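Asks: See coords20.cif below, with mmCIF, C-alpha atoms.
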```
data_start
loop_
_atom_site.label_atom_id
_atom_site.label_comp_id
_atom_site.auth_asym_id
_atom_site.auth_seq_id
_atom_site.Cartn_x
_atom_site.Cartn_y
_atom_site.Cartn_z
CA MET A 1 18.35 19.94 12.90
CA ASN A 2 14.87 19.69 11.34
CA SER A 3 11.79 19.57 13.53
CA TRP A 4 9.05 17.06 12.73
CA ARG A 5 5.68 16.56 14.35
CA LEU A 6 5.13 13.26 16.13
CA VAL A 7 1.52 12.10 16.46
CA ILE A 8 0.82 9.02 18.56
CA HIS A 9 -2.68 7.61 18.37
CA ASN A 10 -3.68 4.53 20.23
CA ALA A 11 -6.40 2.25 18.94
CA CYS A 12 -8.62 4.08 16.44
CA ALA A 13 -11.42 2.86 14.17
CA PRO A 14 -10.14 1.48 10.84
CA SER A 15 -11.88 4.04 8.62
CA TRP A 16 -10.73 6.86 10.90
CA ASN A 17 -7.13 5.69 10.69
CA MET A 18 -7.18 5.95 6.90
CA ALA A 19 -9.00 9.29 6.99
CA VAL A 20 -6.46 10.82 9.38
CA ASP A 21 -3.51 9.74 7.21
CA SER A 22 -5.20 11.30 4.20
CA ALA A 23 -6.02 14.54 6.06
CA ILE A 24 -2.42 14.89 7.25
CA LEU A 25 -1.18 14.43 3.69
CA ARG A 26 -3.51 17.14 2.44
CA LEU A 27 -2.98 19.70 5.18
CA ALA A 28 0.24 19.11 7.12
CA LYS A 29 2.60 22.08 7.13
CA THR A 30 5.51 20.18 8.69
CA PRO A 31 6.84 16.66 8.23
CA THR A 32 4.74 14.35 10.37
CA LEU A 33 5.36 10.87 11.71
CA ARG A 34 2.20 9.21 13.03
CA LEU A 35 2.22 5.94 14.97
CA TYR A 36 -1.09 4.22 15.55
CA ARG A 37 -3.00 1.05 16.28
CA TRP A 38 -6.41 -0.36 15.37
CA SER A 39 -9.44 -0.62 17.65
CA LYS A 40 -10.63 -3.76 15.87
CA PRO A 41 -9.31 -6.08 13.17
CA ALA A 42 -9.84 -4.81 9.64
CA ILE A 43 -8.58 -5.29 6.11
CA THR A 44 -7.34 -2.56 3.84
CA ILE A 45 -6.93 -3.17 0.13
CA GLY A 46 -4.74 -1.21 -2.25
CA TYR A 47 -6.17 1.53 -4.47
CA PHE A 48 -5.86 -0.65 -7.58
CA GLN A 49 -7.15 -3.88 -6.10
CA ASP A 50 -10.56 -5.50 -6.61
CA ARG A 51 -12.10 -6.46 -3.29
CA GLU A 52 -13.64 -9.67 -4.64
CA LYS A 53 -10.25 -10.85 -5.89
CA GLU A 54 -8.38 -10.15 -2.65
CA VAL A 55 -10.70 -10.92 0.23
CA ASN A 56 -12.89 -13.78 1.42
CA GLY A 57 -15.97 -11.55 1.53
CA GLU A 58 -18.31 -14.04 3.16
CA LEU A 59 -15.96 -14.80 6.02
CA CYS A 60 -15.22 -11.12 6.57
CA LYS A 61 -18.93 -10.34 6.67
CA LYS A 62 -19.59 -13.20 9.09
CA ASP A 63 -16.77 -12.06 11.41
CA GLY A 64 -17.56 -8.34 11.11
CA ILE A 65 -14.24 -7.50 9.45
CA GLN A 66 -14.47 -4.15 7.69
CA VAL A 67 -12.75 -3.95 4.30
CA ILE A 68 -11.49 -0.49 3.39
CA ARG A 69 -9.90 0.73 0.18
CA ARG A 70 -6.75 2.76 0.79
CA PHE A 71 -5.80 5.75 -1.30
CA THR A 72 -2.36 4.16 -1.71
CA GLY A 73 -1.53 1.26 -4.00
CA GLY A 74 -0.04 -2.00 -2.83
CA GLY A 75 -1.61 -5.13 -1.47
CA ALA A 76 -4.33 -6.21 0.91
CA VAL A 77 -3.42 -6.05 4.61
CA PHE A 78 -5.09 -7.68 7.61
CA HIS A 79 -4.66 -5.15 10.43
CA HIS A 80 -4.61 -6.88 13.78
CA GLU A 81 -2.19 -6.45 16.69
CA GLU A 82 0.22 -4.41 14.66
CA LEU A 83 1.89 -1.04 14.90
CA THR A 84 1.22 1.19 11.92
CA TYR A 85 3.28 4.19 10.92
CA SER A 86 2.60 6.97 8.47
CA LEU A 87 5.09 9.56 7.34
CA VAL A 88 4.19 12.74 5.48
CA HIS A 89 7.15 14.69 4.13
CA PRO A 90 7.59 17.26 1.36
CA LEU A 91 9.34 15.92 -1.75
CA GLN A 92 12.50 17.71 -0.69
CA GLU A 93 15.95 16.82 0.56
CA ALA A 94 16.57 13.06 0.59
CA PHE A 95 12.83 12.44 0.11
CA GLY A 96 12.78 14.21 -3.24
CA LYS A 97 15.86 12.57 -4.69
CA GLY A 98 16.02 9.40 -6.75
CA SER A 99 13.22 7.14 -7.84
CA ILE A 100 10.05 6.22 -5.97
CA THR A 101 11.60 2.84 -5.21
CA ASP A 102 14.60 4.68 -3.72
CA SER A 103 12.26 6.47 -1.33
CA TYR A 104 10.74 3.16 -0.20
CA SER A 105 14.26 1.97 0.57
CA LEU A 106 15.06 5.23 2.38
CA ILE A 107 12.01 5.11 4.65
CA ALA A 108 12.58 1.41 5.35
CA GLN A 109 15.95 2.22 6.96
CA PRO A 110 14.71 3.61 10.32
CA LEU A 111 12.19 0.77 10.56
CA ILE A 112 14.92 -1.80 9.98
CA HIS A 113 17.13 0.02 12.48
CA ALA A 114 14.30 -0.11 15.03
CA LEU A 115 13.88 -3.84 14.46
CA HIS A 116 17.63 -4.31 14.91
CA ILE A 117 17.36 -2.51 18.28
CA LEU A 118 14.85 -5.19 19.26
CA GLY A 119 17.34 -7.84 18.16
CA VAL A 120 15.53 -8.72 14.93
CA ASP A 121 17.64 -9.41 11.85
CA ALA A 122 15.44 -7.56 9.37
CA GLN A 123 16.25 -6.55 5.81
CA TYR A 124 14.67 -4.45 3.08
CA ARG A 125 13.15 -6.43 0.21
CA PRO A 126 12.24 -4.30 -2.80
CA ILE A 127 9.83 -2.85 -3.61
CA ASN A 128 8.08 -2.17 -0.34
CA ASP A 129 8.69 -4.95 2.18
CA ILE A 130 10.86 -5.65 5.20
CA VAL A 131 11.59 -9.32 5.80
CA VAL A 132 13.15 -11.59 8.38
CA GLY A 133 14.69 -14.41 6.40
CA ASN A 134 12.13 -14.91 3.64
CA ARG A 135 9.16 -13.96 5.81
CA LYS A 136 7.54 -10.54 5.65
CA ILE A 137 7.29 -8.55 8.88
CA SER A 138 6.46 -5.15 7.40
CA GLY A 139 4.87 -3.78 4.23
CA SER A 140 4.41 -0.20 3.11
CA ALA A 141 2.57 1.83 0.51
CA GLN A 142 3.25 5.32 -0.73
CA THR A 143 1.33 8.04 -2.52
CA ARG A 144 2.43 11.46 -3.68
CA LYS A 145 0.18 14.51 -3.79
CA GLN A 146 0.68 18.27 -3.73
CA GLY A 147 4.47 18.07 -3.53
CA LYS A 148 4.40 15.70 -0.57
CA LEU A 149 4.71 11.99 -0.06
CA LEU A 150 2.77 9.89 2.34
CA GLN A 151 4.05 6.46 3.16
CA HIS A 152 2.21 4.24 5.58
CA GLY A 153 2.93 0.70 6.60
CA THR A 154 2.64 -1.97 9.22
CA ILE A 155 4.93 -3.82 11.55
CA LEU A 156 3.40 -7.12 12.62
CA VAL A 157 3.57 -7.49 16.40
CA ALA A 158 1.17 -10.25 17.40
CA THR A 159 -1.04 -10.51 14.33
CA ASP A 160 -3.04 -13.73 14.05
CA THR A 161 -1.44 -14.85 10.79
CA GLU A 162 -3.63 -17.96 10.56
CA LYS A 163 -6.69 -15.73 10.47
CA MET A 164 -4.94 -13.40 8.05
CA LEU A 165 -4.48 -16.26 5.59
CA HIS A 166 -8.16 -17.18 5.93
CA TYR A 167 -9.44 -13.67 5.28
CA LEU A 168 -7.12 -12.83 2.40
CA THR A 169 -7.13 -14.61 -0.94
CA ILE A 170 -3.49 -15.09 -1.80
CA ASP A 171 -2.94 -15.78 -5.49
CA PRO A 172 -0.73 -18.85 -6.00
CA LYS A 173 1.48 -16.74 -8.29
CA LYS A 174 2.47 -14.65 -5.24
CA ILE A 175 3.53 -17.51 -3.01
CA ARG A 176 7.33 -17.56 -2.91
CA GLN A 177 7.89 -20.47 -0.57
CA GLU A 178 6.22 -23.22 1.44
CA GLY A 179 4.85 -22.34 4.86
CA ASN A 180 3.79 -19.07 6.42
CA PRO A 181 4.91 -16.10 4.28
CA VAL A 182 4.74 -13.67 7.21
CA ILE A 183 6.28 -13.46 10.68
CA THR A 184 5.40 -11.42 13.75
CA LEU A 185 7.62 -9.81 16.38
CA SER A 186 6.01 -11.98 19.07
CA GLU A 187 7.37 -15.05 17.31
CA ILE A 188 10.91 -13.66 17.44
CA VAL A 189 11.11 -11.57 20.64
CA LYS A 190 9.99 -14.25 23.05
CA ASP A 191 11.25 -12.69 26.28
CA LEU A 192 8.91 -9.67 26.08
CA SER A 193 5.16 -9.50 26.54
CA LYS A 194 3.03 -8.22 23.66
CA ASP A 195 2.50 -4.87 25.41
CA SER A 196 6.22 -4.51 26.05
CA ILE A 197 6.97 -5.22 22.40
CA PHE A 198 4.56 -2.47 21.33
CA GLU A 199 6.19 -0.06 23.78
CA GLN A 200 9.78 -0.96 22.86
CA LEU A 201 9.02 -0.92 19.14
CA MET A 202 7.47 2.52 19.30
CA LYS A 203 10.45 3.91 21.23
CA ALA A 204 12.88 2.25 18.82
CA ILE A 205 11.09 3.68 15.75
CA ILE A 206 11.11 7.20 17.17
CA SER A 207 14.79 7.04 18.13
CA SER A 208 15.71 5.51 14.76
CA PHE A 209 13.98 8.26 12.77
CA LYS A 210 15.72 10.85 14.99
CA GLU A 211 19.12 9.27 14.46
CA LEU A 212 18.96 8.37 10.78
CA PHE A 213 17.21 11.52 9.54
CA ALA A 214 18.77 13.93 12.08
CA VAL A 215 15.43 15.27 13.24
CA ASP A 216 13.86 16.44 16.47
CA PHE A 217 10.29 15.50 17.22
CA GLU A 218 7.66 17.77 18.69
CA GLU A 219 4.87 15.58 19.97
CA GLY A 220 1.38 16.83 19.23
CA ASP A 221 -1.97 15.89 17.83
CA ILE A 222 -3.60 16.58 14.49
CA THR A 223 -4.88 20.13 14.07
CA LEU A 224 -8.53 21.12 14.17
CA GLN A 225 -8.44 21.58 10.37
CA GLU A 226 -6.97 18.11 9.90
CA HIS A 227 -9.59 16.68 12.25
CA THR A 228 -12.40 18.36 10.31
CA MET A 229 -10.93 17.17 7.01
CA ALA A 230 -10.61 13.62 8.39
CA ILE A 231 -14.31 13.59 9.32
CA GLU A 232 -15.18 14.57 5.74
CA LEU A 233 -12.81 12.04 4.20
CA GLU A 234 -14.05 9.25 6.44
CA ARG A 235 -17.65 9.98 5.48
CA HIS A 236 -17.01 10.39 1.75
CA TYR A 237 -14.51 7.59 1.29
CA PHE A 238 -13.35 5.19 3.95
CA SER A 239 -16.73 4.40 5.51
CA ASN A 240 -18.50 4.61 2.14
CA GLU A 241 -19.25 1.25 0.57
CA GLN A 242 -19.14 2.76 -2.91
CA TRP A 243 -15.51 3.81 -2.37
CA ASN A 244 -14.56 0.58 -0.67
CA CYS A 245 -16.11 -1.59 -3.41
CA ARG A 246 -14.70 0.05 -6.47
CA ARG A 247 -12.25 2.66 -7.63
CA LEU A 248 -13.23 6.30 -7.50
CA SER A 249 -10.92 9.27 -7.69
CA PRO A 250 -10.54 10.86 -4.25
CA MET B 1 -18.01 -11.89 -20.42
CA SER B 2 -14.46 -10.60 -20.08
CA ILE B 3 -11.35 -12.76 -20.06
CA HIS B 4 -9.18 -12.70 -16.96
CA VAL B 5 -5.41 -13.04 -16.97
CA ALA B 6 -3.10 -12.75 -13.93
CA LEU B 7 0.61 -12.08 -14.39
CA LYS B 8 3.47 -11.98 -11.92
CA ASN B 9 6.60 -11.06 -13.81
CA PRO B 10 10.00 -10.99 -12.06
CA GLY B 11 10.53 -7.82 -10.02
CA GLU B 12 6.91 -6.78 -10.49
CA LYS B 13 3.69 -7.09 -8.52
CA LEU B 14 0.66 -9.22 -9.34
CA VAL B 15 -1.28 -7.72 -12.23
CA HIS B 16 -4.84 -8.77 -13.10
CA ILE B 17 -6.19 -7.87 -16.50
CA ASP B 18 -9.89 -8.31 -17.30
CA VAL B 19 -10.43 -7.60 -20.96
CA ASP B 20 -12.98 -8.11 -23.69
CA PHE B 21 -12.61 -7.86 -27.47
CA GLU B 22 -14.84 -6.96 -30.39
CA ASN B 23 -13.68 -7.26 -33.99
CA ASN B 24 -10.06 -7.69 -32.87
CA THR B 25 -10.13 -4.48 -30.85
CA ILE B 26 -10.27 -3.92 -27.09
CA SER B 27 -13.88 -3.24 -26.10
CA PHE B 28 -13.42 -3.41 -22.32
CA ILE B 29 -10.40 -3.45 -20.01
CA HIS B 30 -9.91 -3.32 -16.25
CA ILE B 31 -6.43 -3.50 -14.73
CA SER B 32 -6.08 -4.31 -11.03
CA GLY B 33 -3.50 -5.61 -8.57
CA ASP B 34 -1.05 -4.64 -5.84
CA PHE B 35 1.13 -2.42 -8.01
CA PHE B 36 1.61 1.36 -7.78
CA ILE B 37 0.88 4.03 -10.36
CA TYR B 38 1.60 7.71 -9.74
CA PRO B 39 -0.67 9.58 -9.81
CA GLU B 40 -3.17 6.86 -8.90
CA GLU B 41 -5.95 8.41 -10.98
CA ALA B 42 -3.87 7.77 -14.13
CA ILE B 43 -5.11 4.17 -14.15
CA GLU B 44 -8.39 5.48 -15.56
CA ASP B 45 -6.49 7.27 -18.37
CA ILE B 46 -4.50 4.12 -19.12
CA GLU B 47 -7.63 1.99 -19.36
CA GLN B 48 -9.39 4.64 -21.46
CA ALA B 49 -6.41 4.89 -23.84
CA LEU B 50 -6.55 1.15 -24.47
CA LEU B 51 -10.21 1.10 -25.47
CA SER B 52 -10.86 0.56 -29.20
CA LEU B 53 -7.19 -0.16 -29.93
CA PRO B 54 -6.49 -3.09 -32.23
CA VAL B 55 -4.83 -6.06 -30.56
CA ASP B 56 -1.44 -5.24 -32.01
CA PRO B 57 1.36 -5.23 -29.42
CA ASN B 58 3.27 -2.44 -31.16
CA ILE B 59 0.24 -0.15 -31.36
CA ILE B 60 -0.73 -0.84 -27.72
CA GLU B 61 2.82 -0.27 -26.49
CA GLN B 62 3.25 2.96 -28.47
CA ASN B 63 -0.08 4.36 -27.24
CA LEU B 64 0.77 3.58 -23.63
CA LEU B 65 4.29 4.99 -23.85
CA THR B 66 2.98 8.21 -25.40
CA LEU B 67 0.36 8.59 -22.65
CA ILE B 68 2.88 7.89 -19.89
CA GLN B 69 5.36 10.41 -21.25
CA LYS B 70 2.74 13.09 -21.92
CA ASN B 71 1.13 12.82 -18.47
CA THR B 72 4.35 12.08 -16.50
CA ILE B 73 2.95 8.83 -15.16
CA GLU B 74 5.24 6.62 -13.07
CA MET B 75 4.65 2.90 -12.73
CA VAL B 76 6.12 0.76 -9.95
CA GLY B 77 5.57 -2.99 -9.92
CA ILE B 78 3.80 -2.93 -13.28
CA SER B 79 5.10 -2.16 -16.77
CA VAL B 80 3.85 -1.44 -20.25
CA SER B 81 5.27 -4.76 -21.42
CA THR B 82 3.26 -6.62 -18.75
CA ILE B 83 0.04 -4.90 -19.83
CA VAL B 84 0.78 -5.75 -23.47
CA GLN B 85 1.59 -9.35 -22.50
CA GLY B 86 -1.65 -9.67 -20.53
CA ILE B 87 -3.76 -8.40 -23.42
CA GLN B 88 -2.00 -10.78 -25.82
CA GLU B 89 -2.54 -13.74 -23.50
CA ALA B 90 -6.21 -12.88 -23.06
CA PHE B 91 -6.67 -12.45 -26.81
CA ALA B 92 -5.15 -15.87 -27.40
CA GLN B 93 -7.84 -17.32 -25.11
CA SER B 94 -10.70 -15.45 -26.78
#
```
Would you mind writing the file's structure down as structure tokens?
Replies:
Amino acid sequence: MNSWRLVIHNACAPSWNMAVDSAILRLAKTPTLRLYRWSKPAITIGYFQDREKEVNGELCKKDGIQVIRRFTGGGAVFHHEELTYSLVHPLQEAFGKGSITDSYSLIAQPLIHALHILGVDAQYRPINDIVVGNRKISGSAQTRKQGKLLQHGTILVATDTEKMLHYLTIDPKKIRQEGNPVITLSEIVKDLSKDSIFEQLMKAIISSFKELFAVDFEEGDITLQEHTMAIELERHYFSNEQWNCRRLSP
Amino acid sequence: MSIHVALKNPGEKLVHIDVDFENNTISFIHISGDFFIYPEEAIEDIEQALLSLPVDPNIIEQNLLTLIQKNTIEMVGISVSTIVQGIQEAFAQS
């Protein structure tokens, strides 16, 4: 049975969250699953997105919502009352086989399994979403560097989706149906408090990764080298307006 | 002033193309959206390769396919045909 590192971080600053994921991708020696939350609401935009096209900049500025460019592609995300995961794994075994889309499907499986444990009828929707009915509950983004993949994504727990729709500019071409395009766990799992949902979801994700990928977890923190790298990356990129406003190669 | 076109083709992500033309060639292009390109930095090479090309779909497609093959670029949620389509649509508006 393979041994993976499990890193659990409670609420961290938005730019630090992105910096830590990036540092783990660059330096991790073993597969690492990180579960984390956000100390304050923030928006991340995909590597290829233009901030002015995706975000209501004036409203974000007024409400103090930081907008950070990720080093992964994909869409804009409003991070608020969600659980975020990141997985770093060498491009080996099942993670090195098939297409990139296949690997999105593969990594979605333990997340879907975890949602099933909570009684949520979730399904994978290509390329990178998990949905309940037609409504999105989870989205992910993946990058590949130095023979490793990093995939990070969200599971909406009690996200204020009204606010989300105010902060994000959703192009009419992307709207698939009438009504709210997203759904949160709090809307579905009504017999648990928000804190209990976070706790149960985290346990379910860990047990699902263990079961589906036949791994053991060793819980730990990031290394000193990863921490030092994250400080550098946060300063150079994720808290740097130049990076967040336009594309630069990391 | 560049021309903006947004495309959402079936099975793909939303692709924005901002493009400008001079003498029937591409003088400026910026491609953005919620797609994925691996490696990410290849977007700069793609945009660079399109500069100065005539607005001929066959020439644009061939140049992009050659670049993608040579540099082992993978595209997810965006395709060469969508980029060509976007440039054609923008040119029609110019």
Asks: Please check which residues have atoms at most 7 Å from (-4.5, -7.1, -18.3) in the file's coordinates, counting only C-alpha atoms, and write them as JSON, numbers by chain.
Replies: {"B": [5, 15, 16, 17, 18, 19, 30, 31, 83, 86, 87]}
Asks: What gap, in Å, lies between atom CA of Ala158 of chain A and atom CA of Lys210 of chain A?
Replies: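 Atom-to-atom, atom CA of Ala158 of chain A and atom CA of Lys210 of chain A are spaced 25.7 Å apart.
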Asks: Given the file shown, enumerate the residues that the PyMOL selection byres ((chain B) within 9 of (chain A)) captures and present them as number ranges by chain.
Replies: B: 6-8, 11-14, 16, 31-41, 43, 74, 76-77
Asks: Which residues, named as in the file, does the PyMOL selection byres ((chain B and resi 50-61) around 12) pick out? Answer as an NGL selection string.
Replies: :B and (19-31 or 43-49 or 62-68 or 79-92 or 94)
Asks: Take the PyMOL selection byres ((chain A and resi 39) around 9), run it mentally on this structure, and tell me the resulting residues as a PyMOL selection string.
Replies: chain A and resi 10-14+37-38+40-41+80
Asks: Extending 4 Å beyond the listed atoms of segment 89-95 of chain A on each side, what axis-aligned box results? I want centre and edge lengths in Å to one decimal, as AutoDock Vina command-line options.
Replies:
```
--center_x 11.9 --center_y 15.1 --center_z 1.2 --size_x 17.4 --size_y 13.3 --size_z 13.9
```
Asks: What does the structure give for the distance between atom CA of His113 of chain A and atom CA of Ala214 of chain A, in Å to one decimal?
Replies: 14.0 Å
Asks: Counting all atoms listed in the file, which of A:Tyr124, A:Phe213, A:Tyr85, A:Trp16 gets nearest to Leu156 of chain A?
Replies: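 For Leu156 of chain A, the nearest of the given residues is A:Tyr85.
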Asks: Which residues are near Lys136 of chain A? Cut-off 8 Å, all atoms listed in the file, ignore same chain within fewer than 5 positions. Put them as a CSV table (one decimal) with C-alpha atoms, keeping the file's coordinate frame.
Replies:
```csv
chain,number,residue,atom,x,y,z
A,129,ASP,CA,8.7,-5.0,2.2
A,130,ILE,CA,10.9,-5.6,5.2
A,131,VAL,CA,11.6,-9.3,5.8
A,181,PRO,CA,4.9,-16.1,4.3
A,182,VAL,CA,4.7,-13.7,7.2
A,183,ILE,CA,6.3,-13.5,10.7
```
Asks: In Å, rounded to a single decimal, give me how far atom CA of Asn17 of chain A is from atom CA of Ile205 of chain A.
Replies: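 Computing it gives 19.0 Å between the two atoms.
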Asks: Can you work out which one of A:Leu118, A:Tyr104, A:Asp63, A:Arg69 has the shortest atom-to-atom distance to Arg51 of chain A, counting all atoms listed in the file?
Replies: A:Arg69
